[in-house]
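Working notes, structure below.
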2 protein chains.
Amino acid sequence: MACLIGLDWGTSSLRAYRYDGAGGIAEARARPWGIRQLPPGGYDAALADITAGWPALPRLACGMVGSRGGWREVPYLDLPASMARLGDALESVRAGDGMDVHLVPGLRDPQGPDVMRGEETQLAGALALRPELAAASSFILPGTHSKWAVVRDGRVTGFRTLMTGELYALLQHHSILGGNAAASEDAGAFTRGVAAARDSGAAGALSRLFSARALMLDGALAPASVPDYLSGLLIGEEFRAALADGLGRRDTPLQLIGDAVLCERYRRAAALFDIALPPPLQDAAAHGLWCIAEQAGIASKETLAC
Amino acid sequence: MACLIGLDWGTSSLRAYRYDGAGGIAEARARPWGIRQLPPGGYDAALADITAGWPALPRLACGMVGSRGGWREVPYLDLPASMARLGDALESVRAGDGMDVHLVPGLRDPQGPDVMRGEETQLAGALALRPELAAASSFILPGTHSKWAVVRDGRVTGFRTLMTGELYALLQHHSILGGNAAASEDAGAFTRGVAAARDSGAAGALSRLFSARALMLDGALAPASVPDYLSGLLIGEEFRAALADGLGRRDTPLQLIGDAVLCERYRRAAALFDIALPPPLQDAAAHGLWCIAEQAGIASKETLAC
């Protein structure tokens, strides 16, 4: 029996989950239809296609679908924001099939300012999967725009976006540091990059970027290893800056959320900062959508006849 | 009477200077023929065109023309490097017209590692124009790859490359932060960006980049002002990092070299760090080429019958 359809709808991709009555994932689908690359027919066509053959169920969506320029803009919740109360702040948009799609709000940290959309749902799912982290912890959500979030007493109290993934892609594809040769994996070059960032002191690794070129001209770094060196430098800088800003602390748990391959890079980088990170939490968005739907009474094991 | 032709030959442009017998610039020409965009016929054709109609004179070139991938690779001089002895380390390449083109070596800082080509000639010219700076000073050469160089007793003792200009272009043309609207000049946004970098502490402004987007979503920064905010953030980060690294010091003179418009941004940024920068030195490459040619005995007021 299915009780809910969850949609993780970002800038470049769309994922849909059909849940069983216990909140387990009965089926998952993915399409490349982020809000910047919708199919002909737009949001309605994308929704109809990705849910084709599924029963007509309540639908809850998170991510950039709720942004300005998305299907409907849902106002941000300002920090501190309780992850157990995201369900109180949903808004909805009427789809072409006559049924609503409920939308999760993003979070705004007035101290940055900084904003997130989609990661709040992953954080809600992570806290449901690891309730022992609710009291005091920090989370790292690596990606195009990595987020570091601080949680206290079940509430997000601060976060920051680091554009690590986007900067890596820009430097690799468009800068003088990129395009040297076919990249080959080089764990040693990655480690050197992390160490260079860690050891850059208060100046920071932005002032060390050009070392990738100087090392290559020196013959001290193979052209094919430059991408891994850059990856290490940027991920290392993420740790250096976040630790300097108190976003992660050595006396509270630090938990990764996300893709296994990318998170493994973060675990290797953390080791160079003498931090042992546990394995990452996965499918956090899917879990979070279910939890938020339960909070909001959209999906419920007890009350929905599905 | 002319005694020398100087060539400032970089990645994207070529400038040529014809000097009078006293080292003054009798004529200057510019072409878009950097080493990555040579005309048909390559180096020889570019040289023949830009010196067309000039007498057959000794020729001295600086910049990427002496790099790997240039006309001929000239080895870097390692620091500390005396600016009065660059002329001892010239190499040359035989041009298609049967005469040599002498090439100025770049500098290499083994501590970075870091490298420069072309800026060493600007530094030589700057020290000739301002001999009182030779004892102890720092120089800022803003650009695609900005350089901060420390001079002690007429020698360059350290330098660092900061990819400020390239990062600005990447973020403006290829990232989520760019392309929002036609840019309009906004001195206030520039100042806010500089201040955000200055106040980013040890975390550094790379961790504040995303604030450009968050401020815009907040309505606190007009889309057309994002470019000036980003410019301020990156130039401010250049000052924050360079000062943290001891490349510039408050107790020794700090001197700009370069384009007047860009240098004016650096002077405004410096003011937010409580540093009053004097007006920039201009035509430093042209002066430096003359000085180095004199050192090397290629051009001389006394000995050349020109």
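Residue names in the structure tokens use chain letters A, B, ... in the order shown, residue numbers from 1 in each chain, and ligand numbers from 1 in the order shown.
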Item checked: Selection near Ala81 of chain B, 10 Å with only C-alpha atoms, sequence-local residues under 4 positions removed, as a ChimeraX atom specification -> /B:77,85-86,107-109,120,151-152,154-158
As a CSV table (one decimal) with C-alpha atoms, in the first residue's frame, please: chain B after a least-squares superposition onto chain A using all C-alpha atoms matched in order.
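To be explicit, this is the file written out as result00.csv:
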```csv
chain,number,residue,atom,x,y,z
B,1,MET,CA,0.0,0.0,0.1
B,2,ALA,CA,1.3,3.4,-0.9
B,3,CYS,CA,0.5,6.6,1.1
B,4,LEU,CA,2.6,9.3,-0.4
B,5,ILE,CA,4.6,10.5,-3.4
B,6,GLY,CA,7.8,12.4,-2.6
B,7,LEU,CA,9.5,14.7,-5.1
B,8,ASP,CA,13.1,15.9,-4.7
B,9,TRP,CA,13.1,18.5,-7.4
B,10,GLY,CA,16.3,20.4,-7.9
B,11,THR,CA,17.9,22.7,-10.5
B,12,SER,CA,19.1,19.9,-12.7
B,13,SER,CA,17.3,16.7,-11.7
B,14,LEU,CA,14.0,15.3,-10.5
B,15,ARG,CA,13.6,12.3,-8.3
B,16,ALA,CA,10.3,10.7,-7.2
B,17,TYR,CA,9.6,8.2,-4.4
B,18,ARG,CA,6.5,6.1,-3.9
B,19,TYR,CA,6.3,5.1,-0.2
B,20,ASP,CA,4.7,2.1,1.4
B,21,GLY,CA,2.5,2.6,4.4
B,22,ALA,CA,5.4,2.4,6.8
B,23,GLY,CA,7.5,5.1,5.1
B,24,GLY,CA,9.7,2.7,3.2
B,25,ILE,CA,10.5,3.4,-0.4
B,26,ALA,CA,8.4,1.2,-2.6
B,27,GLU,CA,9.8,2.6,-5.8
B,28,ALA,CA,12.2,5.4,-6.9
B,29,ARG,CA,12.5,7.1,-10.3
B,30,ALA,CA,14.8,9.8,-11.6
B,31,ARG,CA,14.6,12.2,-14.6
B,32,PRO,CA,16.9,14.9,-15.8
B,33,TRP,CA,14.1,17.4,-15.5
B,34,GLY,CA,15.4,20.0,-13.0
B,35,ILE,CA,13.6,23.3,-12.9
B,36,ARG,CA,16.0,24.7,-15.5
B,37,GLN,CA,15.5,21.9,-18.0
B,38,LEU,CA,11.9,21.0,-17.9
B,39,PRO,CA,10.3,18.9,-20.7
B,40,PRO,CA,7.8,20.4,-23.1
B,41,GLY,CA,4.7,20.9,-21.0
B,42,GLY,CA,6.7,22.1,-18.0
B,43,TYR,CA,6.1,21.1,-14.4
B,44,ASP,CA,2.8,19.3,-15.1
B,45,ALA,CA,4.2,17.2,-17.9
B,46,ALA,CA,7.3,16.3,-15.8
B,47,LEU,CA,5.1,15.3,-12.9
B,48,ALA,CA,2.7,13.3,-15.0
B,49,ASP,CA,5.5,11.4,-16.6
B,50,ILE,CA,7.5,10.6,-13.5
B,51,THR,CA,4.4,9.4,-11.6
B,52,ALA,CA,2.9,7.5,-14.5
B,53,GLY,CA,1.1,4.4,-13.4
B,54,TRP,CA,1.3,5.3,-9.7
B,55,PRO,CA,-2.0,5.8,-7.7
B,56,ALA,CA,-3.3,9.3,-7.1
B,57,LEU,CA,-1.7,10.1,-3.8
B,58,PRO,CA,-0.7,13.1,-1.8
B,59,ARG,CA,2.4,14.7,-3.1
B,60,LEU,CA,5.2,16.5,-1.3
B,61,ALA,CA,8.1,18.2,-3.0
B,62,CYS,CA,11.3,19.8,-1.8
B,63,GLY,CA,14.1,21.7,-3.5
B,64,MET,CA,14.4,24.5,-6.1
B,65,VAL,CA,10.8,23.7,-7.3
B,66,GLY,CA,9.8,26.1,-4.4
B,67,SER,CA,12.3,28.8,-5.3
B,68,ARG,CA,11.7,32.1,-7.1
B,69,GLY,CA,11.8,30.9,-10.7
B,70,GLY,CA,10.4,27.5,-9.6
B,71,TRP,CA,6.8,26.3,-9.8
B,72,ARG,CA,5.8,28.5,-6.9
B,73,GLU,CA,8.0,30.5,-4.5
B,74,VAL,CA,7.6,29.4,-0.9
B,75,PRO,CA,9.1,31.8,1.6
B,76,TYR,CA,12.2,30.8,3.5
B,77,LEU,CA,12.0,29.9,7.2
B,78,ASP,CA,14.4,31.9,9.2
B,79,LEU,CA,16.8,30.3,11.6
B,80,PRO,CA,16.7,28.9,14.2
B,81,ALA,CA,14.3,26.4,12.5
B,82,SER,CA,13.0,23.2,14.1
B,83,MET,CA,13.3,20.3,11.8
B,84,ALA,CA,10.2,18.7,13.5
B,85,ARG,CA,8.1,21.7,12.4
B,86,LEU,CA,8.9,22.1,8.7
B,87,GLY,CA,5.6,20.4,8.1
B,88,ASP,CA,3.8,23.4,9.6
B,89,ALA,CA,5.1,25.7,6.9
B,90,LEU,CA,4.2,23.9,3.7
B,91,GLU,CA,2.5,25.7,0.9
B,92,SER,CA,1.0,24.2,-2.2
B,93,VAL,CA,0.5,24.6,-5.9
B,94,ARG,CA,-2.4,23.2,-7.9
B,95,ALA,CA,-1.2,20.9,-10.6
B,96,GLY,CA,-2.8,20.4,-14.0
B,97,ASP,CA,-4.3,17.1,-12.8
B,98,GLY,CA,-6.4,19.1,-10.3
B,99,MET,CA,-4.6,17.9,-7.2
B,100,ASP,CA,-2.1,19.8,-5.0
B,101,VAL,CA,1.6,19.5,-4.8
B,102,HIS,CA,2.7,20.5,-1.3
B,103,LEU,CA,6.0,22.3,-1.2
B,104,VAL,CA,8.7,22.3,1.6
B,105,PRO,CA,10.1,25.8,2.5
B,106,GLY,CA,13.8,26.4,2.3
B,107,LEU,CA,15.8,27.9,5.2
B,108,ARG,CA,17.4,31.3,5.5
B,109,ASP,CA,20.2,32.2,7.9
B,110,PRO,CA,19.9,36.0,8.4
B,111,GLN,CA,23.5,36.0,9.8
B,112,GLY,CA,25.1,35.2,6.4
B,113,PRO,CA,22.8,35.9,4.8
B,114,ASP,CA,22.6,32.4,3.4
B,115,VAL,CA,19.9,30.2,2.0
B,116,MET,CA,19.2,26.5,1.3
B,117,ARG,CA,16.4,24.7,-0.6
B,118,GLY,CA,16.2,20.9,-0.4
B,119,GLU,CA,19.0,20.4,2.2
B,120,GLU,CA,16.5,21.2,5.0
B,121,THR,CA,14.6,18.1,3.9
B,122,GLN,CA,17.8,16.0,3.9
B,123,LEU,CA,18.5,17.3,7.4
B,124,ALA,CA,15.0,16.4,8.6
B,125,GLY,CA,15.6,12.9,7.2
B,126,ALA,CA,19.1,12.6,8.7
B,127,LEU,CA,17.7,13.5,12.2
B,128,ALA,CA,15.0,10.9,11.8
B,129,LEU,CA,17.6,8.3,10.8
B,130,ARG,CA,20.0,9.4,13.6
B,131,PRO,CA,17.9,10.9,16.4
B,132,GLU,CA,20.9,10.8,18.7
B,133,LEU,CA,22.4,13.7,16.6
B,134,ALA,CA,19.5,16.1,17.3
B,135,ALA,CA,21.0,17.4,20.5
B,136,ALA,CA,24.3,18.8,19.1
B,137,SER,CA,25.9,18.0,15.8
B,138,SER,CA,27.0,19.4,12.5
B,139,PHE,CA,26.2,18.1,9.1
B,140,ILE,CA,28.1,18.3,5.8
B,141,LEU,CA,26.2,18.1,2.6
B,142,PRO,CA,28.8,18.0,-0.2
B,143,GLY,CA,27.9,19.1,-3.7
B,144,THR,CA,27.8,21.9,-6.3
B,145,HIS,CA,27.0,24.2,-3.4
B,146,SER,CA,28.1,22.4,-0.3
B,147,LYS,CA,26.3,23.2,3.0
B,148,TRP,CA,27.6,22.9,6.5
B,149,ALA,CA,24.8,23.1,9.0
B,150,VAL,CA,24.9,23.3,12.8
B,151,VAL,CA,22.1,21.5,14.7
B,152,ARG,CA,21.2,22.2,18.4
B,153,ASP,CA,18.2,20.7,20.2
B,154,GLY,CA,16.6,19.5,16.9
B,155,ARG,CA,16.9,23.0,15.4
B,156,VAL,CA,19.2,24.2,12.6
B,157,THR,CA,20.9,27.2,14.3
B,158,GLY,CA,23.4,28.2,11.5
B,159,PHE,CA,24.6,27.1,8.1
B,160,ARG,CA,26.9,28.2,5.3
B,161,THR,CA,27.1,27.5,1.6
B,162,LEU,CA,30.5,26.8,0.1
B,163,MET,CA,30.6,26.7,-3.7
B,164,THR,CA,33.2,24.0,-3.8
B,165,GLY,CA,31.7,21.9,-6.6
B,166,GLU,CA,30.9,24.8,-8.8
B,167,LEU,CA,34.3,26.3,-8.4
B,168,TYR,CA,36.0,23.0,-9.2
B,169,ALA,CA,33.9,22.7,-12.4
B,170,LEU,CA,34.7,26.3,-13.3
B,171,LEU,CA,38.4,25.9,-12.7
B,172,GLN,CA,38.6,22.6,-14.5
B,173,HIS,CA,36.6,23.6,-17.6
B,174,HIS,CA,37.2,27.3,-18.0
B,175,SER,CA,40.5,28.4,-16.3
B,176,ILE,CA,44.2,28.3,-17.0
B,177,LEU,CA,44.4,25.5,-14.4
B,178,GLY,CA,42.2,23.1,-16.3
B,179,GLY,CA,42.1,21.1,-19.5
B,180,ASN,CA,45.8,20.1,-19.3
B,181,ALA,CA,45.4,16.4,-20.1
B,182,ALA,CA,43.0,13.6,-19.6
B,183,ALA,CA,42.6,13.4,-15.9
B,184,SER,CA,43.9,10.2,-14.2
B,185,GLU,CA,43.0,9.4,-10.6
B,186,ASP,CA,45.8,10.3,-8.2
B,187,ALA,CA,45.1,9.9,-4.5
B,188,GLY,CA,48.5,11.4,-3.7
B,189,ALA,CA,47.7,14.6,-5.6
B,190,PHE,CA,44.4,14.9,-3.8
B,191,THR,CA,46.1,14.5,-0.4
B,192,ARG,CA,48.7,17.1,-1.4
B,193,GLY,CA,45.9,19.5,-2.3
B,194,VAL,CA,44.1,19.0,1.0
B,195,ALA,CA,47.4,19.5,2.9
B,196,ALA,CA,48.1,22.7,1.0
B,197,ALA,CA,44.7,24.1,2.0
B,198,ARG,CA,45.1,22.9,5.6
B,199,ASP,CA,48.5,24.6,5.8
B,200,SER,CA,47.5,27.8,4.1
B,201,GLY,CA,46.8,29.4,7.5
B,202,ALA,CA,44.7,32.5,7.7
B,203,ALA,CA,45.5,33.4,4.1
B,204,GLY,CA,43.4,30.5,2.9
B,205,ALA,CA,43.6,28.3,-0.2
B,206,LEU,CA,42.2,30.8,-2.6
B,207,SER,CA,45.7,32.3,-2.4
B,208,ARG,CA,47.2,28.9,-3.2
B,209,LEU,CA,45.2,28.1,-6.4
B,210,PHE,CA,47.9,29.1,-8.7
B,211,SER,CA,50.3,26.6,-7.1
B,212,ALA,CA,48.5,24.0,-9.2
B,213,ARG,CA,50.1,25.6,-12.3
B,214,ALA,CA,53.4,26.4,-10.7
B,215,LEU,CA,53.8,22.8,-9.5
B,216,MET,CA,52.9,21.5,-12.9
B,217,LEU,CA,55.5,23.8,-14.6
B,218,ASP,CA,58.0,22.6,-12.0
B,219,GLY,CA,57.4,19.0,-13.0
B,220,ALA,CA,56.3,18.4,-9.5
B,221,LEU,CA,52.7,17.6,-10.5
B,222,ALA,CA,51.7,15.6,-13.5
B,223,PRO,CA,49.2,17.4,-15.8
B,224,ALA,CA,46.8,14.5,-15.5
B,225,SER,CA,46.9,14.9,-11.7
B,226,VAL,CA,46.0,18.6,-11.6
B,227,PRO,CA,42.2,17.8,-11.3
B,228,ASP,CA,42.7,15.7,-8.2
B,229,TYR,CA,45.1,18.3,-6.7
B,230,LEU,CA,42.5,21.0,-7.3
B,231,SER,CA,39.8,18.8,-5.8
B,232,GLY,CA,41.9,18.3,-2.7
B,233,LEU,CA,42.7,22.0,-2.5
B,234,LEU,CA,39.0,23.1,-2.7
B,235,ILE,CA,37.7,20.4,-0.4
B,236,GLY,CA,40.5,21.0,2.0
B,237,GLU,CA,39.6,24.7,1.9
B,238,GLU,CA,36.0,23.8,2.7
B,239,PHE,CA,37.2,22.1,5.9
B,240,ARG,CA,39.7,24.8,6.8
B,241,ALA,CA,37.2,27.6,6.4
B,242,ALA,CA,34.3,25.8,8.1
B,243,LEU,CA,36.4,24.8,11.1
B,244,ALA,CA,37.7,28.4,11.4
B,245,ASP,CA,34.1,29.6,11.3
B,246,GLY,CA,33.0,27.1,14.0
B,247,LEU,CA,30.6,25.3,11.6
B,248,GLY,CA,32.1,22.0,12.5
B,249,ARG,CA,33.7,21.4,15.9
B,250,ARG,CA,35.9,18.6,17.2
B,251,ASP,CA,33.8,18.1,20.3
B,252,THR,CA,30.5,17.4,18.6
B,253,PRO,CA,29.6,14.8,16.0
B,254,LEU,CA,30.1,15.7,12.3
B,255,GLN,CA,28.0,13.7,9.9
B,256,LEU,CA,28.1,13.5,6.1
B,257,ILE,CA,24.9,13.3,4.0
B,258,GLY,CA,25.0,12.4,0.3
B,259,ASP,CA,26.5,10.6,-2.6
B,260,ALA,CA,28.9,7.8,-1.5
B,261,VAL,CA,31.7,8.6,-4.0
B,262,LEU,CA,31.9,12.3,-3.3
B,263,CYS,CA,31.5,11.7,0.5
B,264,GLU,CA,34.5,9.4,0.4
B,265,ARG,CA,36.6,12.3,-0.8
B,266,TYR,CA,35.3,14.3,2.2
B,267,ARG,CA,36.2,11.5,4.6
B,268,ARG,CA,39.8,11.3,3.2
B,269,ALA,CA,40.1,15.1,3.5
B,270,ALA,CA,38.7,15.0,7.1
B,271,ALA,CA,41.4,12.5,8.0
B,272,LEU,CA,44.1,15.1,7.2
B,273,PHE,CA,42.4,17.4,9.7
B,274,ASP,CA,42.5,14.6,12.3
B,275,ILE,CA,38.7,14.1,12.0
B,276,ALA,CA,37.3,10.6,11.6
B,277,LEU,CA,34.0,10.9,9.8
B,278,PRO,CA,31.5,8.0,9.9
B,279,PRO,CA,30.0,6.7,6.7
B,280,PRO,CA,27.6,9.1,5.0
B,281,LEU,CA,23.8,9.0,5.4
B,282,GLN,CA,22.1,8.2,2.1
B,283,ASP,CA,18.6,8.7,0.8
B,284,ALA,CA,18.2,11.5,3.4
B,285,ALA,CA,15.9,13.5,1.1
B,286,ALA,CA,13.5,10.6,0.7
B,287,HIS,CA,13.4,10.0,4.4
B,288,GLY,CA,12.9,13.6,5.1
B,289,LEU,CA,10.0,14.0,2.7
B,290,TRP,CA,8.2,11.1,4.5
B,291,CYS,CA,8.9,12.7,7.9
B,292,ILE,CA,7.7,16.1,6.9
B,293,ALA,CA,4.6,14.6,5.3
B,294,GLU,CA,3.8,12.8,8.5
B,295,GLN,CA,4.3,16.0,10.5
B,296,ALA,CA,1.9,17.8,8.2
B,297,GLY,CA,-0.6,15.1,8.3
B,298,ILE,CA,-0.3,14.6,4.6
B,299,ALA,CA,0.7,11.0,4.9
B,300,SER,CA,0.2,8.9,8.0
B,301,LYS,CA,0.4,5.2,8.7
B,302,GLU,CA,-2.6,5.6,11.0
B,303,THR,CA,-4.9,8.0,9.3
B,304,LEU,CA,-4.6,7.5,5.5
B,305,ALA,CA,-6.6,4.8,4.0
B,306,CYS,CA,-4.1,3.9,1.3
```
Check: If you run DSSP on the backbone, which residues of segment 14-252 of chain B are strand (DSSP E or B), as a ChimeraX atom specification?
Finding: /B:14-20,25-31,59-62,77-78,81-82,91-94,100-103,107-109,114-116,136-141,146-152,155-162
Next item on the list: Would you return as a PyMOL selection string the members of segment 147-289 of chain A that DSSP assigns to helix (DSSP H, G or I) on this structure's backbone?
Entry: chain A and resi 164-174+187-198+201-203+205-208+211-217+223-244+260-272+284-289
